[in-house]
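One file, protein.cif, carrying mmCIF, C-alpha atoms:
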data_model
loop_
_atom_site.group_PDB
_atom_site.id
_atom_site.type_symbol
_atom_site.label_atom_id
_atom_site.label_comp_id
_atom_site.auth_asym_id
_atom_site.auth_seq_id
_atom_site.Cartn_x
_atom_site.Cartn_y
_atom_site.Cartn_z
ATOM 1 C CA MET Q 1 120.431 -10.191 65.578
ATOM 2 C CA ASN Q 2 116.723 -10.103 66.502
ATOM 3 C CA LEU Q 3 115.765 -8.603 69.856
ATOM 4 C CA SER Q 4 114.152 -11.838 71.074
ATOM 5 C CA ASP Q 5 117.476 -13.657 70.806
ATOM 6 C CA SER Q 6 118.766 -11.919 73.939
ATOM 7 C CA GLN Q 7 117.213 -10.462 77.049
ATOM 8 C CA THR Q 8 118.213 -9.533 80.564
ATOM 9 C CA ALA Q 9 117.704 -12.042 83.386
ATOM 10 C CA PHE Q 10 116.226 -10.792 86.657
ATOM 11 C CA ARG Q 11 115.847 -12.429 90.029
ATOM 12 C CA VAL Q 12 112.268 -11.275 90.411
ATOM 13 C CA PRO Q 13 109.596 -12.957 88.250
ATOM 14 C CA ARG Q 14 108.313 -10.069 86.174
ATOM 15 C CA ARG Q 15 107.925 -9.313 82.503
ATOM 16 C CA VAL Q 16 110.962 -7.743 80.840
ATOM 17 C CA SER Q 17 110.179 -4.501 79.012
ATOM 18 C CA ALA Q 18 111.354 -3.751 75.483
ATOM 19 C CA MET Q 19 113.853 -1.234 76.859
ATOM 20 C CA GLU Q 20 115.273 -3.778 79.309
ATOM 21 C CA ALA Q 21 115.609 -6.336 76.538
ATOM 22 C CA VAL Q 22 117.485 -3.861 74.330
ATOM 23 C CA LEU Q 23 119.696 -2.856 77.245
ATOM 24 C CA GLY Q 24 120.404 -6.509 78.032
ATOM 25 C CA HIS Q 25 121.353 -7.236 74.444
ATOM 26 C CA LEU Q 26 123.687 -4.234 74.116
ATOM 27 C CA ARG Q 27 125.233 -4.719 77.535
ATOM 28 C CA ASP Q 28 125.892 -8.392 76.812
ATOM 29 C CA ALA Q 29 127.463 -7.508 73.452
ATOM 30 C CA ILE Q 30 129.800 -5.047 75.159
ATOM 31 C CA GLU Q 31 130.744 -7.455 77.957
ATOM 32 C CA ARG Q 32 131.424 -10.236 75.406
ATOM 33 C CA GLY Q 33 133.718 -7.919 73.461
ATOM 34 C CA GLU Q 34 131.523 -7.673 70.387
ATOM 35 C CA TYR Q 35 131.895 -3.936 70.914
ATOM 36 C CA ALA Q 36 135.323 -3.215 72.416
ATOM 37 C CA VAL Q 37 136.400 -0.183 74.413
ATOM 38 C CA GLY Q 38 136.804 2.682 71.956
ATOM 39 C CA ASP Q 39 134.347 1.245 69.448
ATOM 40 C CA LYS Q 40 131.422 3.280 68.222
ATOM 41 C CA LEU Q 41 128.012 1.640 68.470
ATOM 42 C CA PRO Q 42 125.928 1.437 65.289
ATOM 43 C CA SER Q 43 123.749 4.465 64.582
ATOM 44 C CA GLU Q 44 120.341 4.765 66.209
ATOM 45 C CA ALA Q 45 118.698 4.062 62.866
ATOM 46 C CA GLU Q 46 120.728 0.866 62.407
ATOM 47 C CA LEU Q 47 120.038 -0.345 65.954
ATOM 48 C CA CYS Q 48 116.317 0.385 65.686
ATOM 49 C CA ARG Q 49 116.184 -1.576 62.461
ATOM 50 C CA SER Q 50 118.222 -4.571 63.648
ATOM 51 C CA LEU Q 51 116.572 -4.794 67.092
ATOM 52 C CA GLU Q 52 113.100 -3.978 65.763
ATOM 53 C CA VAL Q 53 112.323 -1.312 68.355
ATOM 54 C CA SER Q 54 111.260 2.316 68.285
ATOM 55 C CA ARG Q 55 113.710 5.177 68.677
ATOM 56 C CA PRO Q 56 112.348 6.224 72.131
ATOM 57 C CA VAL Q 57 112.874 2.663 73.456
ATOM 58 C CA LEU Q 58 116.406 2.560 72.057
ATOM 59 C CA ARG Q 59 117.281 5.970 73.504
ATOM 60 C CA GLU Q 60 116.131 4.877 76.974
ATOM 61 C CA ALA Q 61 118.429 1.857 76.719
ATOM 62 C CA LEU Q 62 121.337 3.996 75.539
ATOM 63 C CA ARG Q 63 120.822 6.361 78.478
ATOM 64 C CA ALA Q 64 120.894 3.385 80.851
ATOM 65 C CA LEU Q 65 124.151 2.144 79.283
ATOM 66 C CA GLN Q 66 125.668 5.563 79.873
ATOM 67 C CA THR Q 67 124.441 5.625 83.488
ATOM 68 C CA MET Q 68 126.103 2.246 83.989
ATOM 69 C CA GLY Q 69 129.355 3.755 82.764
ATOM 70 C CA LEU Q 70 129.653 1.478 79.731
ATOM 71 C CA THR Q 71 129.264 4.154 77.064
ATOM 72 C CA VAL Q 72 129.506 7.874 76.478
ATOM 73 C CA SER Q 73 127.508 9.933 74.007
ATOM 74 C CA ARG Q 74 129.421 12.505 71.968
ATOM 75 C CA THR Q 75 127.308 15.138 70.269
ATOM 76 C CA GLY Q 76 127.399 14.793 66.520
ATOM 77 C CA LYS Q 77 129.641 11.727 66.675
ATOM 78 C CA GLY Q 78 127.592 8.960 68.265
ATOM 79 C CA THR Q 79 127.833 6.585 71.216
ATOM 80 C CA PHE Q 80 131.193 5.069 72.141
ATOM 81 C CA VAL Q 81 132.115 2.177 74.457
ATOM 82 C CA VAL Q 82 134.297 3.336 77.356
ATOM 83 C CA ALA Q 83 134.268 0.246 79.625
ATOM 84 C CA SER Q 84 133.889 -3.507 79.178
ATOM 85 C CA ALA Q 85 132.060 -4.109 82.483
ATOM 86 C CA VAL Q 86 129.819 -2.160 84.820
ATOM 87 C CA GLN Q 87 131.625 -0.803 87.864
ATOM 88 C CA ASP Q 88 129.687 1.917 89.679
ATOM 89 C CA PRO Q 89 126.744 3.663 87.968
ATOM 90 C CA THR Q 90 126.677 7.452 88.048
ATOM 91 C CA PHE Q 91 123.583 9.491 88.832
ATOM 92 C CA GLY Q 92 124.117 13.089 87.826
ATOM 93 C CA ASP Q 93 127.273 14.281 89.564
ATOM 94 C CA TYR Q 94 127.571 11.352 91.972
ATOM 95 C CA ALA Q 95 128.623 7.700 91.768
ATOM 96 C CA ALA Q 96 126.068 5.247 93.169
ATOM 97 C CA GLY Q 97 128.424 4.023 95.887
ATOM 98 C CA ASP Q 98 129.120 7.562 97.127
ATOM 99 C CA LEU Q 99 125.428 8.426 97.020
ATOM 100 C CA MET Q 100 124.397 5.358 99.034
ATOM 101 C CA GLU Q 101 127.103 5.982 101.638
ATOM 102 C CA VAL Q 102 125.868 9.523 102.229
ATOM 103 C CA ARG Q 103 122.209 8.469 102.224
ATOM 104 C CA ARG Q 104 122.870 5.931 104.992
ATOM 105 C CA HIS Q 105 124.734 8.430 107.154
ATOM 106 C CA VAL Q 106 122.129 11.155 106.659
ATOM 107 C CA GLU Q 107 118.681 9.714 105.990
ATOM 108 C CA ILE Q 108 118.652 7.028 108.703
ATOM 109 C CA PRO Q 109 119.320 9.425 111.612
ATOM 110 C CA VAL Q 110 117.102 12.032 109.926
ATOM 111 C CA ALA Q 111 114.176 9.597 110.069
ATOM 112 C CA GLY Q 112 114.826 9.099 113.783
ATOM 113 C CA TYR Q 113 114.869 12.845 114.451
ATOM 114 C CA ALA Q 114 111.746 13.317 112.320
ATOM 115 C CA ALA Q 115 109.827 10.807 114.457
ATOM 116 C CA THR Q 116 110.246 12.951 117.578
ATOM 117 C CA ARG Q 117 110.167 16.417 115.987
ATOM 118 C CA ARG Q 118 107.479 16.137 113.292
ATOM 119 C CA THR Q 119 104.472 18.433 113.430
ATOM 120 C CA PRO Q 120 100.873 17.542 112.537
ATOM 121 C CA GLU Q 121 101.416 19.494 109.309
ATOM 122 C CA ASP Q 122 104.471 17.355 108.483
ATOM 123 C CA LEU Q 123 102.445 14.164 108.952
ATOM 124 C CA ASP Q 124 99.582 15.499 106.829
ATOM 125 C CA HIS Q 125 102.021 16.398 104.044
ATOM 126 C CA LEU Q 126 103.838 13.043 104.153
ATOM 127 C CA THR Q 127 100.562 11.125 104.197
ATOM 128 C CA HIS Q 128 99.330 13.129 101.204
ATOM 129 C CA VAL Q 129 102.558 12.512 99.239
ATOM 130 C CA LEU Q 130 102.465 8.806 100.090
ATOM 131 C CA ARG Q 131 98.844 8.491 98.948
ATOM 132 C CA ARG Q 132 99.671 10.182 95.656
ATOM 133 C CA MET Q 133 102.639 7.818 95.166
ATOM 134 C CA GLU Q 134 100.464 4.771 95.771
ATOM 135 C CA GLU Q 135 97.964 5.996 93.174
ATOM 136 C CA GLU Q 136 100.481 7.217 90.583
ATOM 137 C CA THR Q 137 101.110 5.039 87.504
ATOM 138 C CA ASP Q 138 103.384 7.348 85.504
ATOM 139 C CA THR Q 139 107.051 6.684 86.278
ATOM 140 C CA THR Q 140 108.208 10.269 85.788
ATOM 141 C CA SER Q 141 105.522 11.628 88.120
ATOM 142 C CA TRP Q 142 106.203 8.900 90.685
ATOM 143 C CA VAL Q 143 109.931 9.688 90.692
ATOM 144 C CA ALA Q 144 109.175 13.371 91.375
ATOM 145 C CA LEU Q 145 106.967 12.340 94.314
ATOM 146 C CA ASP Q 146 109.662 9.971 95.586
ATOM 147 C CA THR Q 147 112.149 12.826 95.806
ATOM 148 C CA LEU Q 148 109.516 15.038 97.433
ATOM 149 C CA PHE Q 149 108.896 12.324 100.042
ATOM 150 C CA HIS Q 150 112.535 12.219 101.123
ATOM 151 C CA LEU Q 151 112.682 16.008 101.265
ATOM 152 C CA ALA Q 152 109.563 16.001 103.452
ATOM 153 C CA VAL Q 153 111.152 13.549 105.892
ATOM 154 C CA ALA Q 154 114.199 15.818 106.124
ATOM 155 C CA GLN Q 155 111.924 18.811 106.658
ATOM 156 C CA ALA Q 156 110.174 16.959 109.510
ATOM 157 C CA ALA Q 157 113.533 16.584 111.277
ATOM 158 C CA ARG Q 158 113.389 20.382 111.762
ATOM 159 C CA ASN Q 159 117.059 20.926 110.963
ATOM 160 C CA PRO Q 160 117.645 23.053 107.848
ATOM 161 C CA VAL Q 161 121.067 21.506 107.278
ATOM 162 C CA PHE Q 162 119.522 18.060 106.736
ATOM 163 C CA ARG Q 163 117.102 19.449 104.167
ATOM 164 C CA ARG Q 164 119.928 21.302 102.430
ATOM 165 C CA VAL Q 165 121.898 18.040 102.095
ATOM 166 C CA ILE Q 166 118.911 16.269 100.519
ATOM 167 C CA GLU Q 167 118.328 19.225 98.200
ATOM 168 C CA GLU Q 168 121.981 19.041 97.108
ATOM 169 C CA ILE Q 169 121.560 15.419 96.015
ATOM 170 C CA ARG Q 170 117.983 15.831 94.797
ATOM 171 C CA ASP Q 171 118.821 15.424 91.106
ATOM 172 C CA ALA Q 172 120.922 12.336 91.823
ATOM 173 C CA LEU Q 173 118.104 10.846 93.919
ATOM 174 C CA ALA Q 174 115.651 11.383 91.065
ATOM 175 C CA ARG Q 175 118.002 9.796 88.525
ATOM 176 C CA GLN Q 176 118.639 6.836 90.822
ATOM 177 C CA SER Q 177 114.923 6.417 91.470
ATOM 178 C CA ALA Q 178 114.115 6.429 87.739
ATOM 179 C CA PHE Q 179 116.927 3.961 87.040
ATOM 180 C CA LEU Q 180 115.748 1.538 89.748
ATOM 181 C CA ASN Q 181 112.117 1.733 88.681
ATOM 182 C CA GLU Q 182 112.810 1.307 84.965
ATOM 183 C CA LEU Q 183 115.202 -1.616 85.477
ATOM 184 C CA GLY Q 184 114.289 -2.995 88.889
ATOM 185 C CA GLY Q 185 110.508 -2.648 89.038
ATOM 186 C CA ARG Q 186 110.690 -1.239 92.556
ATOM 187 C CA ARG Q 187 107.645 1.028 92.644
ATOM 188 C CA GLU Q 188 105.238 -1.153 94.643
ATOM 189 C CA GLN Q 189 107.933 -2.359 97.025
ATOM 190 C CA SER Q 190 109.146 1.199 97.535
ATOM 191 C CA ASN Q 191 105.609 2.351 98.309
ATOM 192 C CA ARG Q 192 105.367 -0.268 101.053
ATOM 193 C CA GLU Q 193 108.712 0.811 102.479
ATOM 194 C CA HIS Q 194 107.651 4.454 102.441
ATOM 195 C CA ARG Q 195 104.419 3.560 104.225
ATOM 196 C CA ALA Q 196 106.409 1.821 106.973
ATOM 197 C CA ILE Q 197 108.457 5.010 107.418
ATOM 198 C CA VAL Q 198 105.336 7.172 107.653
ATOM 199 C CA GLU Q 199 103.702 4.794 110.135
ATOM 200 C CA ALA Q 200 106.799 4.966 112.356
ATOM 201 C CA LEU Q 201 106.755 8.770 112.169
ATOM 202 C CA ILE Q 202 103.065 8.837 113.096
ATOM 203 C CA ALA Q 203 103.811 6.545 116.062
ATOM 204 C CA GLY Q 204 106.617 8.867 117.097
ATOM 205 C CA SER Q 205 109.122 6.007 117.342
ATOM 206 C CA ALA Q 206 112.652 7.122 116.501
ATOM 207 C CA THR Q 207 113.886 3.518 116.635
ATOM 208 C CA ASP Q 208 111.211 2.227 114.257
ATOM 209 C CA ALA Q 209 111.610 5.176 111.887
ATOM 210 C CA ALA Q 210 115.375 4.705 111.643
ATOM 211 C CA ALA Q 211 114.888 0.952 111.139
ATOM 212 C CA ALA Q 212 112.281 1.540 108.399
ATOM 213 C CA MET Q 213 114.566 3.964 106.568
ATOM 214 C CA SER Q 214 117.496 1.561 106.943
ATOM 215 C CA HIS Q 215 115.413 -1.254 105.449
ATOM 216 C CA HIS Q 216 114.357 1.009 102.581
ATOM 217 C CA LEU Q 217 117.973 1.881 101.757
ATOM 218 C CA ASP Q 218 118.977 -1.783 102.076
ATOM 219 C CA ARG Q 219 116.411 -2.689 99.415
ATOM 220 C CA VAL Q 220 117.533 0.199 97.178
ATOM 221 C CA GLU Q 221 121.129 -1.019 97.379
ATOM 222 C CA THR Q 222 120.159 -4.660 96.797
ATOM 223 C CA THR Q 223 118.168 -3.774 93.680
ATOM 224 C CA LEU Q 224 121.012 -1.627 92.397
ATOM 225 C CA THR Q 225 123.450 -4.513 92.929
ATOM 226 C CA ASP Q 226 121.102 -6.914 91.113
ATOM 227 C CA ILE Q 227 120.994 -4.580 88.118
ATOM 228 C CA VAL Q 228 124.727 -3.921 88.033
ATOM 229 C CA ARG Q 229 125.715 -7.554 88.562
ATOM 230 C CA PRO Q 230 122.800 -9.675 87.308
ATOM 231 C CA PRO Q 231 123.008 -13.496 87.526
ATOM 232 C CA ARG Q 232 124.504 -15.035 84.393
ATOM 233 C CA THR Q 233 121.780 -17.424 83.330
ATOM 234 C CA GLU Q 234 120.427 -18.594 80.024
ATOM 235 C CA ALA Q 235 117.188 -16.847 79.120
ATOM 236 C CA GLY Q 236 114.892 -18.097 76.404
ATOM 237 C CA PRO Q 237 112.895 -15.900 73.994
ATOM 238 C CA ARG Q 238 110.132 -13.818 75.504
ATOM 239 C CA ALA Q 239 106.667 -15.199 74.944
#

Translate the structure described by the file into structure tokens.
Amino acid sequence: MNLSDSQTAFRVPRRVSAMEAVLGHLRDAIERGEYAVGDKLPSEAELCRSLEVSRPVLREALRALQTMGLTVSRTGKGTFVVASAVQDPTFGDYAAGDLMEVRRHVEIPVAGYAATRRTPEDLDHLTHVLRRMEEETDTTSWVALDTLFHLAVAQAARNPVFRRVIEEIRDALARQSAFLNELGGRREQSNREHRAIVEALIAGSATDAAAAMSHHLDRVETTLTDIVRPPRTEAGPRA
């Protein structure tokens, strides 16, 4: 089956990347039962040939399938289907639902504390990180800055326990950020949300800072939900 015969539908009007199209095709095949639980997917060479994509593109899609919990990769044996539908993606050691629950209970109050406790040095650092994020075009570099931003907010709250919590989930945050940017195209929107947080911190408003962080996490969760449970619509070939 040619790659153009199937692609993922998104609620936002943006161009679907080759990786997203491959992911959409493989995910749909699994959910339709073309590949049942326990089945081994074709080899990378076979999939690259049939889908007409490069190996790096295919490997990105396979990693996304594994993050979604649909497949597992077994060294020397291949990729196997372990679920017929996406339930709760996993980022590193943590399920997405668990991660979001903790983020809401930690990062929203942290933003409020940071607004009243931040130092001029904290604001300079956050402004610098934000500016670099807004200028960055490489996804990997942007994801690293995204994690640094959230650590900097925790640092501004001047409570070492808050920073330690964010450091504990740092790898999961980075994996989630990469996942959302590769499949949800969130970079520009996230930059705007981060700017709103920084502006509230500069103003010293705990209420506005907490509200800005809450809105940011709302949008993260909405995008994640859109990826995990996309609308089932007919999509024509990509132009």

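Within the file as shown, the PyMOL selection byres ((chain Q and resi 207) around 10) identifies Ile108, Pro109, Ala111, Gly112, Tyr113, Ala115, Ala200, Leu201, Gly204, Ser205, Ala206, Asp208, Ala209, Ala210, Ala211 and Ala212 of chain Q.
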
Resolved residues for the PyMOL selection byres ((chain Q and resi 168) around 12) as number ranges by chain: Q: 92-94, 99, 102-103, 147, 151, 161-167, 169-174

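As for CA of Phe179 (chain Q) and CA of Glu31 (chain Q), they are spaced 20.1 Å apart.
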
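Relative to CA of Val57 (chain Q), CA of His150 (chain Q) is found at 29.3 Å.
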
For the file shown, what are the residues hit by the PyMOL selection byres ((chain Q and resi 126-138) around 10), laid out as a ChimeraX atom specification? /Q:120-125,139-146,148-153,156,187-188,190-192,194-195,197-199,201-202

With C-alpha atoms retained, write the just-selected residues as a PDB file, in the frame of the given file.
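Saved result, out17.pdb, follows:
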ATOM      1  CA  PRO Q 120     100.873  17.542 112.537  1.00  0.00           C
ATOM      2  CA  GLU Q 121     101.416  19.494 109.309  1.00  0.00           C
ATOM      3  CA  ASP Q 122     104.471  17.355 108.483  1.00  0.00           C
ATOM      4  CA  LEU Q 123     102.445  14.164 108.952  1.00  0.00           C
ATOM      5  CA  ASP Q 124      99.582  15.499 106.829  1.00  0.00           C
ATOM      6  CA  HIS Q 125     102.021  16.398 104.044  1.00  0.00           C
ATOM      7  CA  THR Q 139     107.051   6.684  86.278  1.00  0.00           C
ATOM      8  CA  THR Q 140     108.208  10.269  85.788  1.00  0.00           C
ATOM      9  CA  SER Q 141     105.522  11.628  88.120  1.00  0.00           C
ATOM     10  CA  TRP Q 142     106.203   8.900  90.685  1.00  0.00           C
ATOM     11  CA  VAL Q 143     109.931   9.688  90.692  1.00  0.00           C
ATOM     12  CA  ALA Q 144     109.175  13.371  91.375  1.00  0.00           C
ATOM     13  CA  LEU Q 145     106.967  12.340  94.314  1.00  0.00           C
ATOM     14  CA  ASP Q 146     109.662   9.971  95.586  1.00  0.00           C
ATOM     15  CA  LEU Q 148     109.516  15.038  97.433  1.00  0.00           C
ATOM     16  CA  PHE Q 149     108.896  12.324 100.042  1.00  0.00           C
ATOM     17  CA  HIS Q 150     112.535  12.219 101.123  1.00  0.00           C
ATOM     18  CA  LEU Q 151     112.682  16.008 101.265  1.00  0.00           C
ATOM     19  CA  ALA Q 152     109.563  16.001 103.452  1.00  0.00           C
ATOM     20  CA  VAL Q 153     111.152  13.549 105.892  1.00  0.00           C
ATOM     21  CA  ALA Q 156     110.174  16.959 109.510  1.00  0.00           C
ATOM     22  CA  ARG Q 187     107.645   1.028  92.644  1.00  0.00           C
ATOM     23  CA  GLU Q 188     105.238  -1.153  94.643  1.00  0.00           C
ATOM     24  CA  SER Q 190     109.146   1.199  97.535  1.00  0.00           C
ATOM     25  CA  ASN Q 191     105.609   2.351  98.309  1.00  0.00           C
ATOM     26  CA  ARG Q 192     105.367  -0.268 101.053  1.00  0.00           C
ATOM     27  CA  HIS Q 194     107.651   4.454 102.441  1.00  0.00           C
ATOM     28  CA  ARG Q 195     104.419   3.560 104.225  1.00  0.00           C
ATOM     29  CA  ILE Q 197     108.457   5.010 107.418  1.00  0.00           C
ATOM     30  CA  VAL Q 198     105.336   7.172 107.653  1.00  0.00           C
ATOM     31  CA  GLU Q 199     103.702   4.794 110.135  1.00  0.00           C
ATOM     32  CA  LEU Q 201     106.755   8.770 112.169  1.00  0.00           C
ATOM     33  CA  ILE Q 202     103.065   8.837 113.096  1.00  0.00           C
TER      34      ILE Q 202
END

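Atom to atom, CA of Val22 (chain Q) and CA of Thr79 (chain Q) stand 15.0 Å apart.
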
For Val81 (chain Q), which residue out of Q:Pro56, Q:Gly185, Q:Gly24, Q:Gly38 is the nearest one, using only C-alpha atoms? Q:Gly38

Report as JSON the centre and the edge lengths, in Å to one decimal, of the axis-aligned box holding every listed atom of region 87-91 of chain Q, padded by 6 Å on each side.
{"center_x": 127.6, "center_y": 4.3, "center_z": 88.8, "size_x": 20.0, "size_y": 22.3, "size_z": 13.8}

Neighbour list for Arg55 (chain Q) as an NGL selection string, cut-off 12 Å, all atoms listed in the file, skip fewer than 6 positions in-chain: :Q and (18-19 or 22 or 43-49 or 61-62)

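Residue nearest Gln66 (chain Q), chosen from Q:Leu23, Q:Val220, Q:Asp98, Q:Leu51 and counting all atoms listed in the file: Q:Leu23.
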
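Of the residues under consideration (Q:Glu34, Q:Asp28, Q:Asp39, Q:Glu60), Q:Asp39 shows the shortest atom-to-atom contact distance to Gly78 (chain Q) when counting all atoms listed in the file.
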
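Closest approach to Ala83 (chain Q) among Q:Pro42, Q:Gly184, Q:Gly97, Q:Gly33: Q:Gly33, based on all atoms listed in the file.
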
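Distance check against His215 (chain Q) using only C-alpha atoms: of Q:Ala196, Q:Val110, Q:Val72, Q:Ile30, the minimum falls on Q:Ala196.
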
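The smallest atom-to-atom distance between Ala36 (chain Q) and any of Q:Ala96, Q:Val53, Q:Val82, Q:Ile227, using only C-alpha atoms, is found for Q:Val82.
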